[in-house]
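Worksheet: one structure, shown below.
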Amino acid sequence: MRVVLGEDLVLLRDGLIRLLQAYDFDVVEAVDSGPALLKALVDHRPDVAVVDVRLPPTFTDEGLRAAIEARKRVPGLPILVLSQYVEQLYARELLSDRGGAVGYLLKDRVSDVRQFVDAIRRVAAGGTAMDPEVITQLLARGARDQPLATLTPREREVLSLMAEGRSNGAIAGRLFVTEKAVGKHIANIFGKLDLPLSGDDNRRVLAVLAYLDGV
Amino acid sequence: MTDHDLVREARTRLTQAALGLARTPLCVAGLLLVPLQLNAYPLILVTIGVPFLLLFTALARRYTGFFRWWASRVLGVEIPAPYRLPENRGPMTRVRTIATDPATWRDMAFLPVNAFVGIFCGMMPVAFWVNGVLGFVMPLIWLDNGRSVEYVMVRYDTPGNFVLAPLLGIAFLVLAWWATPRAARLHATVVKWLLAPSTKATLTNRVRVLADSRADTVDAQAAELRRIERDLHDGAQARLVALGMNLGMAEELMARDPRAAQELLAEARQSSTQALAELRDLVRGIHPPVLADRGLDGALRALALAHPLPVEVDIELTGRPEAPVESAAYFAVAETLTNVAKHSGATGAWVRVRHEDGRLSLMIGDDGHGGAVATENGGLRGIERRLAAFDGTLGIASPVGGPTIVTMELPCALSSVKTSSSSGTA
């Protein structure tokens with residue numbers, strides 16, 4: 001799987017390259033600035049890009065902007081954004097083209113290597129990987145909305161895992177229940193939230209996020 | 001101008017003239033305050049002067065205060081009171097403050113001038129109006145045998161007197177019309193000139209305010225640094241030490257007891273995550289990254305998104321304020337919104353930001369139950385101090401029953417570069 005890496009801190013960049021190579025990813029290019037990242041993304045069209053939000057030259061949200069710009073030129077280009085902090089504003093911007101194949105994770109998550117690699121693979125496959133912190137914020141905010149209040153605690157748990165971008169199987173494994181039970185919960189959630197049922201994993205996450213965001 | 005307008009305008013001016021006349025005795029009565037105050041000073045020696053002086057000065061200040069209020073209404077500009085405040089509340093200190101305050105003596109000088117100007121400005125328009133009316137009444141008086149009565153050099157036997165008198169009357173009425181509002185303005189201008197704080201007093205006051213706000217700022221900065229130091233020391237630093245320790249132990253155990261080593265490594269990873277979370281919170285408290293990335297616009301939108309209540313954000317800025325002002329404005333809004341969530345019982349809030357006339361104005365409103373006040377050591381007072389460092393002001397309108405609107409104003413310039421969000425969907 002071909003990866004483009006955008007990270008300006010040498011220590012972290014080398015660490016990420018080593019980590020990715022250990023899991024059989026092929027790092028085709030590792031860049032350290034926004035403009036270089038945009039060029040690399042458009043040139044290589046990798047299977048997935050791992051991008052730091054904050055990059056030179058401005059050291060603000062250069063990486064995020066480059067990623068969004070690249071997705072405009074190459075629709076559906078899978079991008080996993082890493083950040084020292086998570087901001088709903090940025091999560092919304094990433095999700096706004098509704099093409100899926102995006103992830104937004106705290107840099108901390110890198111330390112749980114298996115889950116991190118899992119997230120990259122999910123994004124590369126067209127799925128989503130949202131940081132639990134974003135989801136928690138969204139759910140806390142959404143709690144004031146009537147339909148959400150009708151969810152049972154278990155259903156809320158399922159919803160938040162779903163919103164992180166996990167499959168039914170993964171949710172079942174996490175909650176120690178059968179996949180069938182998860183399916184049932186999800187059907188209930190969609191019913192309560194008045195969302196049309198759809199088989200597509202990515203669509204359903206977007207639908208949930210869109211609902212929570214009130215877009 | 002229609003007849004109706006003319007009648008209304010005439011009524012307004014006549015009322016003005018009448019009020020001017022009514023003020024005249026008040027202006028004259030003010031003269032009394034001069035000897036009353038002056039006589040109190042020698043009496044201080046026998047102590048009895050102290051309460052007298054305090055009483056009469058208070059009276060005089062009420063009196064000048066009334067004229068200040070009146071003149072500011074006439075002129076449409078605020079005339080602040082120029083008095084120095086006593087440092088503590090002892091009667092002798094107050095007497096000393098009063099006696100050494102130039103404003104006390106300016107008040108005293110004001111009283112006779114005011115009496116003179118007041119009489120002049122009060123009588124003149126009325127005299128004009130009366131003469132004007134007399135011009136028309138005169139022919140009737142003459143017909144009624146009042147032949148010895150003279151009207152502005154016009155006598156019964158002057159040629160053309162019956163035409164001349166009303167003509168002169170018209171001239172007087174025109175003059176009265178013109179002079180009435182001007183007389184009031186003239187009086188008000190004199191009042192302002194004598195009672196507004198002098199440049200020196202204004203500057204002295206300004207220095208005092210600046211010294212206060214600087215002291216506040218320095219205190220706040222020092223407290224902030226202490227907090228950061230403590231948070232780093234007790235939080236991230238301690239966790240990193242534990243992390244190193246766990247890693248060292250894991251290294252030791254690797255060969256002998258791989259299972260225990262694995263446990264220690266997992267623990268180490270967890271504490272590194274926690275250290276990062278603590279650092280993140282700390283950084284957010286010093287300077288929120290999104291503020292650096294996107295400026296006030298993006299940062300406030302992000303704040304609204306993360307707020308537990310729906311917050312409507314309406315921002316129109318053509319550039320970014322200087323970083324310290326931007327940061328102060330951000331934290332002020334953040335703190336206010338936190339207050340809204342905690343105390344207001346609101347179901348929604350809104351934020352409006354504009355930059356007009358070299359001032360950044362921020363308004364935060366909610367539909368809660370109101371009754372918010374800035375208590376000492378309270379959150380709102382903290383915001384006020386934060387803004388004071390930049391000459392900013394805080395206003396709270398929060399009637400019991402709501403709604404609450406907090407307004408903040410910060411003088412600042414905007415840089416011309418506009419930072420916009422990358423996708424425009426924010």
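By order in the structure tokens, chains are A, B, ...; within a chain, residues start at 1; ligands start at 1, following the order shown.
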
Residues of chain B within 6 Å of chain A, counting only C-alpha atoms, as a ChimeraX atom specification: /B:273,293,302,308,422

Spatial neighbours of range 387-404 of chain B, max dist 6 Å, only C-alpha atoms, sep filter under 2 positions, as a list in words: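 Once the adjacent positions are removed, what remains is Ser213, Thr217, Gly365, Asp366, Asp367, Gly368, His369, Gly370, Gly371, Ala372, Glu384, Arg385, Val406, Thr407, Met408, Glu409 and Leu410 of chain B.
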
Can you work out which one of A:Ile186, A:Ala149, A:Met130, A:Leu193 has the shortest atom-to-atom distance to Gly165 in chain A, counting only C-alpha atoms?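 Of all the options, A:Met130 lies closest to Gly165 in chain A.
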
Shell of 12 Å around Arg61 in chain B, only C-alpha atoms, local chain residues under 3 positions omitted, as an mmCIF file with N, CA and C atoms, in the first residue's frame:
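Done, and the output landed in result-v4.cif:
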data_model
loop_
_atom_site.group_PDB
_atom_site.id
_atom_site.type_symbol
_atom_site.label_atom_id
_atom_site.label_comp_id
_atom_site.auth_asym_id
_atom_site.auth_seq_id
_atom_site.Cartn_x
_atom_site.Cartn_y
_atom_site.Cartn_z
ATOM 1 N N GLY B 30 -26.886 79.994 43.394
ATOM 2 C CA GLY B 30 -25.592 79.301 43.495
ATOM 3 C C GLY B 30 -24.531 80.160 44.143
ATOM 4 N N LEU B 33 -23.333 79.610 47.686
ATOM 5 C CA LEU B 33 -22.417 78.516 48.014
ATOM 6 C C LEU B 33 -20.971 78.992 48.177
ATOM 7 N N VAL B 34 -20.651 80.136 47.562
ATOM 8 C CA VAL B 34 -19.275 80.622 47.653
ATOM 9 C C VAL B 34 -18.899 80.995 49.096
ATOM 10 N N GLN B 37 -18.927 77.891 51.535
ATOM 11 C CA GLN B 37 -17.743 77.029 51.472
ATOM 12 C C GLN B 37 -16.522 77.729 52.053
ATOM 13 N N LEU B 53 -17.739 71.946 55.969
ATOM 14 C CA LEU B 53 -17.057 71.950 54.675
ATOM 15 C C LEU B 53 -17.524 70.761 53.840
ATOM 16 N N LEU B 54 -17.561 69.589 54.493
ATOM 17 C CA LEU B 54 -17.984 68.382 53.762
ATOM 18 C C LEU B 54 -19.395 68.570 53.209
ATOM 19 N N LEU B 55 -20.263 69.128 54.066
ATOM 20 C CA LEU B 55 -21.653 69.325 53.654
ATOM 21 C C LEU B 55 -21.760 70.308 52.496
ATOM 22 N N PHE B 56 -21.103 71.481 52.665
ATOM 23 C CA PHE B 56 -21.251 72.511 51.640
ATOM 24 C C PHE B 56 -20.565 72.129 50.338
ATOM 25 N N THR B 57 -19.431 71.424 50.466
ATOM 26 C CA THR B 57 -18.774 70.982 49.237
ATOM 27 C C THR B 57 -19.652 69.968 48.509
ATOM 28 N N ALA B 58 -20.230 69.066 49.295
ATOM 29 C CA ALA B 58 -21.119 68.081 48.674
ATOM 30 C C ALA B 58 -22.262 68.794 47.964
ATOM 31 N N THR B 64 -23.058 71.847 40.888
ATOM 32 C CA THR B 64 -22.313 71.867 39.626
ATOM 33 C C THR B 64 -22.622 70.605 38.821
ATOM 34 N N GLY B 65 -22.869 69.525 39.546
ATOM 35 C CA GLY B 65 -23.221 68.269 38.860
ATOM 36 C C GLY B 65 -24.486 68.444 38.028
ATOM 37 N N PHE B 66 -25.443 69.180 38.590
ATOM 38 C CA PHE B 66 -26.675 69.426 37.841
ATOM 39 C C PHE B 66 -26.372 70.191 36.561
ATOM 40 N N PHE B 67 -25.524 71.228 36.684
ATOM 41 C CA PHE B 67 -25.211 72.027 35.500
ATOM 42 C C PHE B 67 -24.411 71.221 34.480
ATOM 43 N N ARG B 68 -23.541 70.338 34.987
ATOM 44 C CA ARG B 68 -22.788 69.465 34.089
ATOM 45 C C ARG B 68 -23.758 68.592 33.298
ATOM 46 N N TRP B 69 -24.721 68.039 34.038
ATOM 47 C CA TRP B 69 -25.711 67.173 33.390
ATOM 48 C C TRP B 69 -26.521 67.947 32.346
ATOM 49 N N ALA B 81 -17.180 64.284 35.607
ATOM 50 C CA ALA B 81 -16.837 65.021 36.817
ATOM 51 C C ALA B 81 -15.321 64.921 37.033
ATOM 52 N N PRO B 82 -14.681 66.007 37.429
ATOM 53 C CA PRO B 82 -13.222 66.015 37.482
ATOM 54 C C PRO B 82 -12.641 65.732 38.864
ATOM 55 N N TYR B 83 -13.476 65.369 39.838
ATOM 56 C CA TYR B 83 -12.992 65.357 41.223
ATOM 57 C C TYR B 83 -12.041 64.206 41.506
ATOM 58 N N ILE B 98 -10.331 67.475 49.242
ATOM 59 C CA ILE B 98 -11.199 68.526 48.699
ATOM 60 C C ILE B 98 -10.430 69.827 48.540
ATOM 61 N N ALA B 103 -10.269 71.085 41.152
ATOM 62 C CA ALA B 103 -11.673 71.106 40.718
ATOM 63 C C ALA B 103 -12.555 71.831 41.723
ATOM 64 N N THR B 104 -12.197 71.753 43.038
ATOM 65 C CA THR B 104 -12.969 72.464 44.067
ATOM 66 C C THR B 104 -12.951 73.959 43.789
ATOM 67 N N TRP B 105 -11.776 74.453 43.462
ATOM 68 C CA TRP B 105 -11.616 75.894 43.263
ATOM 69 C C TRP B 105 -12.174 76.340 41.937
ATOM 70 N N ARG B 106 -12.119 75.448 40.970
ATOM 71 C CA ARG B 106 -12.756 75.773 39.687
ATOM 72 C C ARG B 106 -14.267 75.860 39.871
ATOM 73 N N ASP B 107 -14.813 74.970 40.698
ATOM 74 C CA ASP B 107 -16.253 75.032 41.013
ATOM 75 C C ASP B 107 -16.591 76.387 41.618
ATOM 76 N N MET B 108 -15.732 76.823 42.545
ATOM 77 C CA MET B 108 -15.966 78.072 43.254
ATOM 78 C C MET B 108 -15.944 79.232 42.266
ATOM 79 N N PHE B 110 -16.599 78.997 39.202
ATOM 80 C CA PHE B 110 -17.733 78.814 38.296
ATOM 81 C C PHE B 110 -18.984 79.544 38.790
ATOM 82 N N LEU B 111 -19.180 79.507 40.126
ATOM 83 C CA LEU B 111 -20.445 80.014 40.679
ATOM 84 C C LEU B 111 -20.754 81.456 40.279
ATOM 85 N N LEU B 195 -16.420 73.587 33.921
ATOM 86 C CA LEU B 195 -16.642 72.413 34.772
ATOM 87 C C LEU B 195 -16.069 71.115 34.243
#

Which is closer to Ala170 in chain A than all the others in A:Glu7, A:Asp24, A:Asp47, A:Asp118, using only C-alpha atoms?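 The closest residue to Ala170 in chain A is A:Asp118.
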
Skipping near chain neighbours, those fewer than 2 positions away, what residues fall within 10 Å of Arg121 in chain A using only C-alpha atoms, listed as a short mmCIF file (atom, residue, chain, number, x, y, z; two decimals) with N, CA and C atoms, in the first residue's frame?
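part-v7.cif was written with the following content:
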data_model
loop_
_atom_site.label_atom_id
_atom_site.label_comp_id
_atom_site.auth_asym_id
_atom_site.auth_seq_id
_atom_site.Cartn_x
_atom_site.Cartn_y
_atom_site.Cartn_z
N MET A 1 0.84 -1.20 0.00
CA MET A 1 0.00 0.00 0.00
C MET A 1 0.87 1.25 0.00
N PHE A 25 3.76 -1.04 4.75
CA PHE A 25 3.35 0.06 3.89
C PHE A 25 4.55 0.51 3.08
N ASP A 47 -2.28 5.53 -2.08
CA ASP A 47 -3.45 4.81 -1.60
C ASP A 47 -3.99 5.47 -0.34
N VAL A 48 -3.10 6.10 0.40
CA VAL A 48 -3.51 6.84 1.59
C VAL A 48 -2.41 7.85 1.94
N PRO A 78 -7.73 9.23 -0.27
CA PRO A 78 -7.83 8.93 1.17
C PRO A 78 -6.79 9.70 1.98
N LEU A 80 -5.55 10.69 5.99
CA LEU A 80 -5.65 10.60 7.45
C LEU A 80 -4.88 11.77 8.03
N ALA A 101 -13.43 8.34 3.08
CA ALA A 101 -11.99 8.08 3.03
C ALA A 101 -11.20 9.19 3.73
N GLN A 115 -4.07 -0.16 16.56
CA GLN A 115 -5.27 0.61 16.24
C GLN A 115 -4.98 1.69 15.21
N PHE A 116 -3.79 2.27 15.32
CA PHE A 116 -3.41 3.33 14.39
C PHE A 116 -3.32 2.78 12.97
N VAL A 117 -2.63 1.64 12.83
CA VAL A 117 -2.49 1.02 11.51
C VAL A 117 -3.87 0.61 10.99
N ASP A 118 -4.70 0.14 11.89
CA ASP A 118 -6.06 -0.24 11.53
C ASP A 118 -6.81 0.96 10.95
N ALA A 119 -6.62 2.11 11.60
CA ALA A 119 -7.29 3.33 11.14
C ALA A 119 -6.80 3.71 9.74
N VAL A 123 -9.17 4.01 6.39
CA VAL A 123 -9.28 5.20 5.55
C VAL A 123 -8.91 4.85 4.12
N ALA A 124 -7.85 4.07 3.94
CA ALA A 124 -7.42 3.69 2.59
C ALA A 124 -8.54 2.93 1.88
N ALA A 125 -9.32 2.16 2.65
CA ALA A 125 -10.40 1.38 2.06
C ALA A 125 -11.66 2.23 1.83
N GLY A 126 -11.56 3.52 2.09
CA GLY A 126 -12.72 4.38 1.83
C GLY A 126 -13.58 4.63 3.05
N GLY A 127 -13.16 4.12 4.20
CA GLY A 127 -13.93 4.31 5.43
C GLY A 127 -13.54 5.60 6.14
N THR A 128 -13.99 5.76 7.38
CA THR A 128 -13.64 6.94 8.16
C THR A 128 -12.98 6.51 9.46
N ALA A 129 -12.18 7.40 9.99
CA ALA A 129 -11.58 7.15 11.31
C ALA A 129 -11.57 8.47 12.05
#

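Comparing the minimum interatomic distances between Leu291 in chain B and each of B:Cys412, B:Ala215, B:Ala220, B:Ala329, counting only C-alpha atoms, we find that B:Ala329 sits nearest.
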
Identify, with DSSP run on backbone atoms, the residues in range 51-218 of chain B assigned to helix (DSSP H, G or I), and express the list as JSON, numbers by chain. {"B": [51, 52, 53, 54, 55, 56, 57, 58, 59, 60, 61, 62, 63, 64, 65, 66, 67, 68, 69, 70, 71, 72, 73, 74, 75, 91, 92, 93, 94, 95, 96, 97, 98, 99, 100, 102, 103, 104, 105, 106, 107, 108, 109, 110, 111, 112, 113, 114, 115, 116, 117, 118, 119, 120, 121, 122, 123, 124, 125, 126, 127, 128, 129, 130, 131, 132, 133, 134, 135, 136, 137, 138, 139, 140, 141, 142, 143, 161, 162, 163, 164, 165, 166, 167, 168, 169, 170, 171, 172, 173, 174, 175, 176, 177, 178, 179, 180, 181, 182, 183, 184, 185, 186, 187, 188, 189, 190, 191, 192, 193, 194, 195, 199, 200, 201, 202, 203, 204, 205, 206, 207, 208, 209, 210, 211, 212, 213, 214, 215, 216, 217, 218]}

Give me, as number ranges by chain, all polymer residues having an atom no more than 12 Å from Val77 in chain B, counting only C-alpha atoms and skipping those fewer than 6 positions away in the same chain. B: 68-71, 188-189, 192, 196

Compare B:Ala334, B:Leu300, B:Ala211, B:Ala236 by their minimum atom-to-atom distance to Arg280 in chain B, counting only C-alpha atoms, and give me the closest one. B:Ala236

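With distances restricted to only C-alpha atoms, B:Met123 is the closest residue to Ala22 in chain B from B:Met245, B:Leu36, B:Leu45, B:Met123.
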
Which polymer residues have any atom within 12 Å of an atom of Leu37 in chain A, counting only C-alpha atoms, with same-chain residues fewer than 4 positions away left out, as number ranges by chain? A: 3-8, 29-33, 41-46, 49-57, 62-70, 79

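Proximity to Gly382 in chain B at 10 Å, evaluated using only C-alpha atoms and with sequence-adjacent residues fewer than 6 positions away removed, yields Asp216, Ala220, Ala332, Glu335, Ala374, Thr375, Glu376 and Ala388 of chain B.
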
Name the residues of range 221-417 of chain B that come out as strand (DSSP E) in a backbone DSSP run; write them as a PyMOL selection string. chain B and resi 311-316+349-356+359-366+393-397+404-411
